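To start, the structure itself, in structure tokens.
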Amino acid sequence: MILVTVGSQLPFDRMIAPVAKWARERGVRDIYFQHGGTTVDLSGFEGADFVPPDEAARLFDRADAIVAHVGMGTILGCLERGKPIVVMPRKASLGETRNEHQSASARSLEGRAGFFVAWEPEELPALLDRLGELRGGERISSDASPALLSAIRDFVWSGRAPRA
């Protein structure tokens with residue numbers, strides 16, 4: 001199953017439309033759209049505007065691959081599960097987000113195992129055609145490391161940042 005998710009803040013029709021078109025052209029039906037209230041015709045596909053966290057976790061577990069905006073929660077969910085993710089950054093210049101943080105995040109993660117970037121909608125079909133061969137990266141823990149927790153605890157209790 002392919003999970004397509006746009007997060008919880010805004011629709012992302014610039015990503016949803018080419019994915020839906022690709023799925024229709026290839027007869028792909030095992031796809032779920034968490035679409036944020038899209039105006040794109042998704043008739044014939046399973047989906048919802050938003051899904052609660054427990055349902056999102058079940059969808060992530062069931063998915064073979066995820067297609068998404070560059071949302072950190074979505075990316076972390078994929079890394080924790082070792083799932084491949086195809087992302088397309090929202091653009092502030094198009095009013096899709098407040099600033100270019102998604103492009104900056106995509107640039108910093110591009111090339112990491114399991115992380116694939118479509119910078120423009122026209123790049124999505126070629127990546128989607130390869131979903132069967134894309135593999136996720138090494139799984140990460142959902143828990144913070146003891147060293148990080150210790151540094152945070154020291155900072156909070158001391159009132160100053162730890163020395164490097």
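In the structure tokens, chains take letters A, B, ... by order of appearance, with residues numbered from 1 within each chain and ligands from 1 in the order shown.
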
Within 8 Å of Leu3 in chain A, counting only C-alpha atoms, which residues show up once you throw out same-chain ones fewer than 2 positions away? Write them as a PDB file with C-alpha atoms, in the first residue's frame, please.
ATOM      1  CA  MET A   1       0.000   0.000   0.000  1.00  0.00           C
ATOM      2  CA  THR A   5       0.162  12.367   3.308  1.00  0.00           C
ATOM      3  CA  ILE A  31      -3.210   3.870  -2.136  1.00  0.00           C
ATOM      4  CA  TYR A  32      -4.454   6.009   0.743  1.00  0.00           C
ATOM      5  CA  PHE A  33      -4.601   9.808   0.523  1.00  0.00           C
ATOM      6  CA  GLN A  34      -4.448  11.876   3.700  1.00  0.00           C
ATOM      7  CA  LEU A  59      -1.371   3.472   7.998  1.00  0.00           C
ATOM      8  CA  PHE A  60       2.411   3.953   8.327  1.00  0.00           C
ATOM      9  CA  ALA A  63       2.387   1.131   3.928  1.00  0.00           C
ATOM     10  CA  ASP A  64       5.141  -0.183   1.686  1.00  0.00           C
ATOM     11  CA  ALA A  65       6.121   3.398   0.799  1.00  0.00           C
ATOM     12  CA  ILE A  66       5.122   6.929   1.737  1.00  0.00           C
ATOM     13  CA  VAL A  67       4.723   9.978  -0.513  1.00  0.00           C
TER      14      VAL A  67
END

Next item on the list: Enumerate, as an NGL selection string, the complete set of residues in range 38-138 of chain A that a backbone-based DSSP assignment places in strand (DSSP E).
Entry: :A and (46-48 or 65-68 or 85-87 or 115-117)

Next item on the list: Find, counting only C-alpha atoms, the residue in A:Ala92, A:Ala56, A:Ile16, A:Cys78 that gets nearest to Val40 in chain A.
Entry: A:Ile16

Notebook entry, point to check: Looking at A:Ala104, A:Leu131, A:Ile140, A:Val87, which one is nearest to Val117 in chain A, with distances taken over only C-alpha atoms?
Noted result: A:Val87

Checklist line | Within 10 Å of Asp49 in chain A using only C-alpha atoms, minus same-chain residues under 5 positions, as a ChimeraX atom specification | finding: /A:5-8,10-11,33-38

Checklist line | alpha helix (DSSP H) per DSSP on the backbone: members of range 51-154 of chain A, as a ChimeraX atom specification | finding: /A:53-62,72-81,101-109,124-129,146-154

With N, CA and C atoms kept, could you save the residues just selected as a tab-separated table (two decimals), in the first residue's frame?
chain	number	residue	atom	x	y	z
A	53	PRO	N	-3.77	10.41	15.26
A	53	PRO	CA	-2.45	9.79	15.39
A	53	PRO	C	-2.45	8.27	15.40
A	54	ASP	N	-3.40	7.63	16.09
A	54	ASP	CA	-3.40	6.17	16.14
A	54	ASP	C	-3.69	5.56	14.77
A	55	GLU	N	-4.58	6.19	14.00
A	55	GLU	CA	-4.87	5.71	12.64
A	55	GLU	C	-3.68	5.98	11.73
A	56	ALA	N	-3.03	7.12	11.89
A	56	ALA	CA	-1.83	7.43	11.09
A	56	ALA	C	-0.75	6.38	11.34
A	57	ALA	N	-0.56	5.98	12.59
A	57	ALA	CA	0.44	4.95	12.90
A	57	ALA	C	0.10	3.64	12.21
A	58	ARG	N	-1.18	3.26	12.20
A	58	ARG	CA	-1.58	2.02	11.51
A	58	ARG	C	-1.33	2.13	10.01
A	59	LEU	N	-1.61	3.28	9.43
A	59	LEU	CA	-1.37	3.47	8.00
A	59	LEU	C	0.12	3.40	7.69
A	60	PHE	N	0.95	4.02	8.51
A	60	PHE	CA	2.41	3.95	8.33
A	60	PHE	C	2.89	2.50	8.40
A	61	ASP	N	2.39	1.76	9.38
A	61	ASP	CA	2.80	0.36	9.54
A	61	ASP	C	2.41	-0.47	8.32
A	62	ARG	N	1.24	-0.20	7.77
A	62	ARG	CA	0.72	-0.97	6.63
A	62	ARG	C	1.37	-0.59	5.31
A	72	MET	N	8.54	16.89	9.22
A	72	MET	CA	9.43	16.13	10.10
A	72	MET	C	8.74	14.94	10.78
A	73	GLY	N	7.48	15.11	11.16
A	73	GLY	CA	6.77	13.98	11.78
A	73	GLY	C	6.66	12.81	10.82
A	74	THR	N	6.36	13.10	9.57
A	74	THR	CA	6.24	12.06	8.55
A	74	THR	C	7.60	11.42	8.29
A	75	ILE	N	8.63	12.23	8.17
A	75	ILE	CA	9.97	11.71	7.92
A	75	ILE	C	10.43	10.83	9.08
A	76	LEU	N	10.23	11.29	10.30
A	76	LEU	CA	10.62	10.49	11.46
A	76	LEU	C	9.84	9.18	11.51
A	77	GLY	N	8.54	9.23	11.18
A	77	GLY	CA	7.73	8.01	11.14
A	77	GLY	C	8.29	7.00	10.16
A	78	CYS	N	8.77	7.47	9.02
A	78	CYS	CA	9.38	6.57	8.02
A	78	CYS	C	10.72	6.03	8.51
A	79	LEU	N	11.54	6.91	9.08
A	79	LEU	CA	12.85	6.46	9.57
A	79	LEU	C	12.70	5.44	10.71
A	80	GLU	N	11.74	5.65	11.59
A	80	GLU	CA	11.53	4.69	12.68
A	80	GLU	C	11.12	3.32	12.16
A	81	ARG	N	10.43	3.29	11.04
A	81	ARG	CA	9.91	2.04	10.48
A	81	ARG	C	10.77	1.50	9.34
A	101	HIS	N	11.57	26.33	4.68
A	101	HIS	CA	12.16	25.30	5.54
A	101	HIS	C	12.05	23.91	4.94
A	102	GLN	N	11.00	23.62	4.17
A	102	GLN	CA	10.87	22.28	3.61
A	102	GLN	C	11.94	22.02	2.55
A	103	SER	N	12.25	23.02	1.74
A	103	SER	CA	13.32	22.86	0.75
A	103	SER	C	14.66	22.68	1.45
A	104	ALA	N	14.90	23.45	2.51
A	104	ALA	CA	16.15	23.32	3.27
A	104	ALA	C	16.26	21.92	3.88
A	105	SER	N	15.17	21.42	4.44
A	105	SER	CA	15.18	20.07	5.03
A	105	SER	C	15.43	19.01	3.96
A	106	ALA	N	14.77	19.16	2.81
A	106	ALA	CA	14.95	18.19	1.72
A	106	ALA	C	16.40	18.17	1.24
A	107	ARG	N	17.01	19.36	1.12
A	107	ARG	CA	18.41	19.42	0.69
A	107	ARG	C	19.32	18.73	1.70
A	108	SER	N	19.04	18.91	2.99
A	108	SER	CA	19.90	18.31	4.01
A	108	SER	C	19.73	16.79	4.10
A	109	LEU	N	18.57	16.28	3.70
A	109	LEU	CA	18.33	14.84	3.79
A	109	LEU	C	18.50	14.10	2.45
A	124	LEU	N	7.64	13.48	-10.02
A	124	LEU	CA	6.98	12.44	-9.23
A	124	LEU	C	6.74	11.14	-10.00
A	125	PRO	N	6.18	11.16	-11.22
A	125	PRO	CA	5.89	9.89	-11.88
A	125	PRO	C	7.09	8.94	-12.00
A	126	ALA	N	8.26	9.46	-12.35
A	126	ALA	CA	9.44	8.60	-12.48
A	126	ALA	C	9.81	7.96	-11.15
A	127	LEU	N	9.72	8.72	-10.06
A	127	LEU	CA	10.00	8.14	-8.74
A	127	LEU	C	8.92	7.14	-8.35
A	128	LEU	N	7.67	7.47	-8.62
A	128	LEU	CA	6.57	6.57	-8.27
A	128	LEU	C	6.66	5.27	-9.06
A	129	ASP	N	7.11	5.33	-10.30
A	129	ASP	CA	7.29	4.11	-11.09
A	129	ASP	C	8.33	3.19	-10.48
A	146	PRO	N	20.35	8.36	25.54
A	146	PRO	CA	20.63	8.74	26.94
A	146	PRO	C	21.54	9.97	27.03
A	147	ALA	N	22.50	10.11	26.11
A	147	ALA	CA	23.40	11.28	26.14
A	147	ALA	C	22.62	12.57	25.90
A	148	LEU	N	21.69	12.55	24.95
A	148	LEU	CA	20.88	13.74	24.69
A	148	LEU	C	20.00	14.07	25.89
A	149	LEU	N	19.36	13.06	26.45
A	149	LEU	CA	18.51	13.29	27.63
A	149	LEU	C	19.32	13.85	28.79
A	150	SER	N	20.52	13.34	28.99
A	150	SER	CA	21.38	13.82	30.07
A	150	SER	C	21.77	15.28	29.84
A	151	ALA	N	22.13	15.63	28.59
A	151	ALA	CA	22.51	17.01	28.29
A	151	ALA	C	21.33	17.96	28.51
A	152	ILE	N	20.16	17.54	28.11
A	152	ILE	CA	18.96	18.38	28.31
A	152	ILE	C	18.67	18.54	29.80
A	153	ARG	N	18.74	17.42	30.53
A	153	ARG	CA	18.50	17.46	31.98
A	153	ARG	C	19.50	18.40	32.66
A	154	ASP	N	20.80	18.28	32.28
A	154	ASP	CA	21.83	19.15	32.87
A	154	ASP	C	21.55	20.61	32.56

Notebook entry, point to check: Which one of A:Ala23, A:Trp119, A:Gly114, A:Val156 sits closest to Arg139 in chain A if you count only C-alpha atoms?
Noted result: A:Gly114

Checklist line | Atomic separation - CA of Val51 in chain A relative to CA of Asn99 in chain A, Å | finding: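 According to the coordinates, CA of Asn99 in chain A and CA of Val51 in chain A are separated by 25.0 Å.
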